[in-house]
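Structure file upload35.pdb with PDB, C-alpha atoms, pLDDT in the B column:
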ATOM      1  CA  MET A   1      10.002  -9.023  15.460  1.00 46.00           C
ATOM      2  CA  THR A   2       8.887 -11.404  12.705  1.00 49.00           C
ATOM      3  CA  LYS A   3       8.951 -10.051   9.188  1.00 51.00           C
ATOM      4  CA  ILE A   4       6.005 -10.923   6.978  1.00 53.00           C
ATOM      5  CA  LYS A   5       6.760 -10.854   3.297  1.00 54.00           C
ATOM      6  CA  LYS A   6       4.014 -10.491   0.697  1.00 54.00           C
ATOM      7  CA  LEU A   7       4.566 -12.522  -2.446  1.00 54.00           C
ATOM      8  CA  ASN A   8       2.492 -11.039  -5.233  1.00 52.00           C
ATOM      9  CA  ILE A   9       2.606 -13.746  -7.814  1.00 50.00           C
ATOM     10  CA  THR A  10       0.692 -12.155 -10.543  1.00 45.00           C
ATOM     11  CA  LEU A  11       1.727 -15.001 -12.660  1.00 40.00           C
ATOM     12  CA  ALA A  12       1.407 -15.141 -16.365  1.00 39.00           C
ATOM     13  CA  CYS A  13       2.900 -11.736 -16.074  1.00 41.00           C
ATOM     14  CA  LEU A  14       4.572 -11.683 -12.717  1.00 42.00           C
ATOM     15  CA  PHE A  15       5.058 -13.133  -9.307  1.00 49.00           C
ATOM     16  CA  ALA A  16       5.815 -10.813  -6.429  1.00 51.00           C
ATOM     17  CA  PHE A  17       6.660 -11.175  -2.765  1.00 54.00           C
ATOM     18  CA  MET A  18       5.988  -8.019  -0.785  1.00 53.00           C
ATOM     19  CA  ALA A  19       6.828  -7.489   2.856  1.00 47.00           C
ATOM     20  CA  THR A  20       3.975  -5.961   4.823  1.00 47.00           C
ATOM     21  CA  ASN A  21       6.280  -4.404   7.393  1.00 51.00           C
ATOM     22  CA  VAL A  22       9.117  -3.804   4.964  1.00 52.00           C
ATOM     23  CA  SER A  23       8.979  -1.621   1.857  1.00 45.00           C
ATOM     24  CA  ALA A  24      10.551  -4.263  -0.390  1.00 60.00           C
ATOM     25  CA  GLN A  25       8.574  -6.307  -2.908  1.00 68.00           C
ATOM     26  CA  THR A  26       9.849  -9.112  -5.078  1.00 79.00           C
ATOM     27  CA  THR A  27       8.227  -9.583  -8.475  1.00 81.00           C
ATOM     28  CA  PHE A  28       8.711 -12.458 -10.891  1.00 85.00           C
ATOM     29  CA  SER A  29       7.853 -12.036 -14.565  1.00 84.00           C
ATOM     30  CA  TYR A  30       7.336 -14.703 -17.202  1.00 88.00           C
ATOM     31  CA  THR A  31      10.606 -16.229 -18.469  1.00 90.00           C
ATOM     32  CA  GLY A  32       9.530 -19.658 -19.703  1.00 91.00           C
ATOM     33  CA  ALA A  33      11.637 -21.329 -16.994  1.00 94.00           C
ATOM     34  CA  MET A  34      11.508 -22.059 -13.273  1.00 95.00           C
ATOM     35  CA  GLN A  35      12.749 -19.239 -11.039  1.00 94.00           C
ATOM     36  CA  THR A  36      13.822 -19.351  -7.392  1.00 93.00           C
ATOM     37  CA  TYR A  37      13.330 -17.162  -4.350  1.00 91.00           C
ATOM     38  CA  VAL A  38      15.436 -17.491  -1.194  1.00 91.00           C
ATOM     39  CA  VAL A  39      13.534 -16.414   1.911  1.00 88.00           C
ATOM     40  CA  PRO A  40      15.384 -13.533   3.628  1.00 86.00           C
ATOM     41  CA  ALA A  41      16.614 -13.663   7.220  1.00 85.00           C
ATOM     42  CA  GLY A  42      13.861 -13.028   9.764  1.00 83.00           C
ATOM     43  CA  VAL A  43      10.982 -13.742   7.361  1.00 83.00           C
ATOM     44  CA  THR A  44       8.698 -16.587   8.499  1.00 84.00           C
ATOM     45  CA  LEU A  45       5.514 -15.850   6.541  1.00 83.00           C
ATOM     46  CA  VAL A  46       4.917 -14.766   2.952  1.00 84.00           C
ATOM     47  CA  ASN A  47       1.641 -13.583   1.518  1.00 82.00           C
ATOM     48  CA  ILE A  48       1.279 -14.790  -2.046  1.00 86.00           C
ATOM     49  CA  GLU A  49      -0.910 -13.337  -4.774  1.00 85.00           C
ATOM     50  CA  ALA A  50      -0.833 -15.303  -8.019  1.00 88.00           C
ATOM     51  CA  SER A  51      -2.482 -14.833 -11.422  1.00 88.00           C
ATOM     52  CA  GLY A  52      -2.560 -17.413 -14.194  1.00 90.00           C
ATOM     53  CA  ALA A  53      -1.792 -16.508 -17.804  1.00 87.00           C
ATOM     54  CA  SER A  54      -4.507 -15.584 -20.285  1.00 85.00           C
ATOM     55  CA  GLY A  55      -5.551 -17.994 -22.987  1.00 84.00           C
ATOM     56  CA  GLY A  56      -4.741 -17.170 -26.590  1.00 83.00           C
ATOM     57  CA  THR A  57      -6.954 -15.394 -29.114  1.00 82.00           C
ATOM     58  CA  ALA A  58      -7.325 -16.741 -32.654  1.00 79.00           C
ATOM     59  CA  THR A  59      -6.231 -14.401 -35.443  1.00 74.00           C
ATOM     60  CA  ASN A  60      -9.517 -14.538 -37.381  1.00 68.00           C
ATOM     61  CA  ASP A  61     -12.759 -13.776 -35.549  1.00 58.00           C
ATOM     62  CA  VAL A  62     -15.534 -15.495 -37.470  1.00 57.00           C
ATOM     63  CA  GLY A  63     -19.207 -14.474 -37.375  1.00 55.00           C
ATOM     64  CA  SER A  64     -20.823 -13.179 -34.221  1.00 50.00           C
ATOM     65  CA  CYS A  65     -18.703 -15.325 -31.905  1.00 56.00           C
ATOM     66  CA  PRO A  66     -15.209 -13.853 -31.408  1.00 61.00           C
ATOM     67  CA  ASN A  67     -12.417 -16.324 -30.770  1.00 68.00           C
ATOM     68  CA  ASN A  68     -11.010 -14.638 -27.650  1.00 79.00           C
ATOM     69  CA  GLY A  69      -9.112 -16.530 -24.973  1.00 80.00           C
ATOM     70  CA  GLY A  70     -10.157 -16.515 -21.318  1.00 81.00           C
ATOM     71  CA  ARG A  71      -8.477 -14.659 -18.480  1.00 88.00           C
ATOM     72  CA  GLY A  72      -6.285 -16.545 -16.042  1.00 87.00           C
ATOM     73  CA  GLY A  73      -7.381 -17.380 -12.505  1.00 90.00           C
ATOM     74  CA  PHE A  74      -6.286 -15.636  -9.286  1.00 90.00           C
ATOM     75  CA  ALA A  75      -5.212 -17.136  -5.962  1.00 91.00           C
ATOM     76  CA  THR A  76      -3.963 -15.595  -2.725  1.00 88.00           C
ATOM     77  CA  GLY A  77      -2.830 -16.968   0.625  1.00 87.00           C
ATOM     78  CA  ASP A  78      -0.234 -16.968   3.389  1.00 86.00           C
ATOM     79  CA  LEU A  79       2.631 -19.471   3.474  1.00 89.00           C
ATOM     80  CA  THR A  80       4.768 -20.316   6.492  1.00 90.00           C
ATOM     81  CA  VAL A  81       8.444 -20.327   5.478  1.00 91.00           C
ATOM     82  CA  THR A  82      11.894 -20.686   7.006  1.00 91.00           C
ATOM     83  CA  PRO A  83      14.641 -18.084   6.508  1.00 90.00           C
ATOM     84  CA  GLY A  84      17.113 -19.344   3.896  1.00 93.00           C
ATOM     85  CA  GLU A  85      14.543 -21.716   2.362  1.00 94.00           C
ATOM     86  CA  THR A  86      14.206 -21.764  -1.430  1.00 96.00           C
ATOM     87  CA  LEU A  87      10.781 -21.419  -3.062  1.00 94.00           C
ATOM     88  CA  TYR A  88      10.336 -22.421  -6.692  1.00 96.00           C
ATOM     89  CA  ILE A  89       8.371 -19.988  -8.851  1.00 93.00           C
ATOM     90  CA  TYR A  90       6.616 -20.927 -12.097  1.00 94.00           C
ATOM     91  CA  VAL A  91       5.103 -17.977 -13.974  1.00 92.00           C
ATOM     92  CA  GLY A  92       2.645 -19.221 -16.605  1.00 91.00           C
ATOM     93  CA  GLY A  93       2.998 -18.173 -20.240  1.00 88.00           C
ATOM     94  CA  GLU A  94       0.227 -16.596 -22.287  1.00 87.00           C
ATOM     95  CA  GLY A  95      -1.439 -18.806 -24.882  1.00 84.00           C
ATOM     96  CA  LEU A  96      -1.085 -17.661 -28.495  1.00 83.00           C
ATOM     97  CA  ALA A  97      -2.858 -18.297 -31.785  1.00 80.00           C
ATOM     98  CA  GLY A  98      -2.554 -21.863 -33.027  1.00 78.00           C
ATOM     99  CA  ASN A  99      -0.761 -24.271 -30.699  1.00 79.00           C
ATOM    100  CA  VAL A 100       1.879 -21.806 -29.435  1.00 79.00           C
ATOM    101  CA  GLY A 101       2.815 -20.469 -25.989  1.00 81.00           C
ATOM    102  CA  GLY A 102       1.046 -21.336 -22.767  1.00 82.00           C
ATOM    103  CA  TRP A 103       4.100 -22.467 -20.763  1.00 85.00           C
ATOM    104  CA  ASN A 104       3.425 -24.448 -17.531  1.00 88.00           C
ATOM    105  CA  GLY A 105       0.542 -26.758 -18.252  1.00 81.00           C
ATOM    106  CA  ALA A 106      -1.548 -25.035 -20.922  1.00 80.00           C
ATOM    107  CA  GLY A 107      -4.047 -27.069 -22.927  1.00 76.00           C
ATOM    108  CA  ILE A 108      -3.336 -27.999 -26.542  1.00 77.00           C
ATOM    109  CA  ALA A 109      -5.090 -26.134 -29.362  1.00 76.00           C
ATOM    110  CA  CYS A 110      -6.117 -27.369 -32.810  1.00 74.00           C
ATOM    111  CA  GLY A 111      -3.024 -25.832 -34.433  1.00 67.00           C
ATOM    112  CA  ASN A 112      -4.894 -23.571 -36.872  1.00 73.00           C
ATOM    113  CA  PRO A 113      -4.104 -19.956 -35.830  1.00 71.00           C
ATOM    114  CA  THR A 114      -7.146 -18.566 -37.631  1.00 74.00           C
ATOM    115  CA  THR A 115      -9.692 -20.669 -35.740  1.00 77.00           C
ATOM    116  CA  CYS A 116      -8.181 -21.561 -32.360  1.00 80.00           C
ATOM    117  CA  ALA A 117      -5.497 -20.702 -29.817  1.00 82.00           C
ATOM    118  CA  LYS A 118      -3.688 -22.424 -26.940  1.00 85.00           C
ATOM    119  CA  GLY A 119      -4.710 -21.967 -23.297  1.00 84.00           C
ATOM    120  CA  GLY A 120      -2.654 -19.952 -20.820  1.00 87.00           C
ATOM    121  CA  GLY A 121      -0.252 -21.590 -18.403  1.00 89.00           C
ATOM    122  CA  ALA A 122      -0.793 -21.838 -14.658  1.00 91.00           C
ATOM    123  CA  SER A 123       1.323 -19.826 -12.232  1.00 92.00           C
ATOM    124  CA  ASP A 124       2.402 -21.562  -9.035  1.00 94.00           C
ATOM    125  CA  VAL A 125       4.798 -21.610  -6.095  1.00 94.00           C
ATOM    126  CA  ARG A 126       6.405 -24.859  -4.968  1.00 96.00           C
ATOM    127  CA  GLN A 127       7.906 -25.539  -1.557  1.00 97.00           C
ATOM    128  CA  GLY A 128      10.205 -28.418  -0.630  1.00 96.00           C
ATOM    129  CA  GLY A 129      10.790 -29.563  -4.212  1.00 97.00           C
ATOM    130  CA  ILE A 130       9.884 -28.980  -7.846  1.00 97.00           C
ATOM    131  CA  GLY A 131       7.289 -31.730  -8.401  1.00 95.00           C
ATOM    132  CA  LEU A 132       3.588 -31.107  -8.975  1.00 93.00           C
ATOM    133  CA  GLY A 133       2.919 -32.431  -5.461  1.00 96.00           C
ATOM    134  CA  ASP A 134       5.091 -29.627  -4.048  1.00 97.00           C
ATOM    135  CA  ARG A 135       2.707 -26.886  -5.265  1.00 95.00           C
ATOM    136  CA  VAL A 136       1.457 -24.754  -2.370  1.00 95.00           C
ATOM    137  CA  ILE A 137      -0.586 -22.296  -4.444  1.00 94.00           C
ATOM    138  CA  VAL A 138      -1.787 -22.412  -8.058  1.00 93.00           C
ATOM    139  CA  ALA A 139      -3.560 -19.853 -10.228  1.00 92.00           C
ATOM    140  CA  GLY A 140      -4.944 -21.638 -13.300  1.00 89.00           C
ATOM    141  CA  GLY A 141      -4.438 -20.372 -16.840  1.00 86.00           C
ATOM    142  CA  GLY A 142      -7.312 -19.129 -18.987  1.00 84.00           C
ATOM    143  CA  GLY A 143      -8.873 -21.232 -21.726  1.00 82.00           C
ATOM    144  CA  GLY A 144      -7.740 -20.774 -25.309  1.00 82.00           C
ATOM    145  CA  ALA A 145     -10.053 -19.755 -28.136  1.00 77.00           C
TER     146      ALA A 145
END
Write out the structure in this file as structure tokens.
Amino acid sequence: MTKIKKLNITLACLFAFMATNVSAQTTFSYTGAMQTYVVPAGVTLVNIEASGASGGTATNDVGSCPNNGGRGGFATGDLTVTPGETLYIYVGGEGLAGNVGGWNGAGIACGNPTTCAKGGGASDVRQGGIGLGDRVIVAGGGGGA
């Protein structure tokens, strides 16, 4: 019997692989560094759910237009894998006031924490290598204020 593993990559906060016929789930949280996942024996398909990190909010809301960052994107899909294969997990970092945070591809902010904030980082899974071309699923980060 083939095991199907569900990978809930609620990136920006977490990434998780969850088996649909097994009670185990693997979750990856933001660390600011690449993480790895070795596919267990018998697993040939993972279901991935990924969420990008939120964009930052400026510290001083001015007038009637609050400077709130946007929410990260969401992506889900199935990935064919080989037991023993290594997947590379990138959990995006939340953008913060000024030009801070937003690990894994966040846009640059103006640098003034009272009027702007950095975007959130993308969350992604890479297969076969760690380059951008190896991405098999990406959930984009939210825009910064």
With 6 Å of padding per side, what axis-aligned box (centre and edge lengths, Å, one decimal) covers all the listed atoms of segment 101-118 of chain A? Give it as AutoDock Vina command-line options.
--center_x -2.8 --center_y -23.3 --center_z -27.6 --size_x 25.8 --size_y 21.4 --size_z 32.1
When the PyMOL selection byres ((chain A and resi 57) around 12) is applied to the structure above, which residues does it catch, written out as JSON, numbers by chain? {"A": [54, 55, 56, 58, 59, 60, 61, 62, 66, 67, 68, 69, 70, 71, 94, 95, 96, 97, 98, 99, 100, 101, 102, 109, 112, 113, 114, 115, 116, 117, 118, 119, 120, 142, 143, 144, 145]}
Nearest residue to Trp103 of chain A out of A:Thr76, A:Thr26, A:Thr31, A:Gln127, using all atoms listed in the file? A:Thr31
So what do you get for atom CA of Gly93 of chain A versus atom CA of Gly141 of chain A, distance-wise? 8.5 Å
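For the set A:Ile89, A:Leu45, A:Ala53, A:Leu79, the residue with the smallest atom-to-atom gap to Thr27 of chain A is A:Ile89, counting only C-alpha atoms.
With only C-alpha atoms as the atoms that count, the minimum distance from Arg126 of chain A to the choices A:Thr36, A:Thr44, A:Ser29, A:Asn104 is reached by A:Thr36.
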Point-to-point distance in Å for atom CA of Val43 of chain A and atom CA of Gly73 of chain A: 27.3 Å
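The spacing separating atom CA of Gly32 of chain A from atom CA of Thr82 of chain A amounts to 26.8 Å.
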Using all atoms listed in the file, which of A:Ile130, A:Val136, A:Ala33, A:Ala106 sits nearest Val46 of chain A?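 Nearest to Val46 of chain A: A:Val136.
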Ranking A:Tyr88, A:Tyr37, A:Phe74, A:Phe28 by minimum distance to Val125 of chain A and counting only C-alpha atoms, which one comes first?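 Selected residue with least distance to Val125 of chain A: A:Tyr88.
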Counting all atoms listed in the file, the residue of A:Gly84, A:Gly140, A:Gly131, A:Gly121 that sits nearest Ala41 of chain A: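 Residue with the minimum atom-to-atom distance to Ala41 of chain A: A:Gly84.
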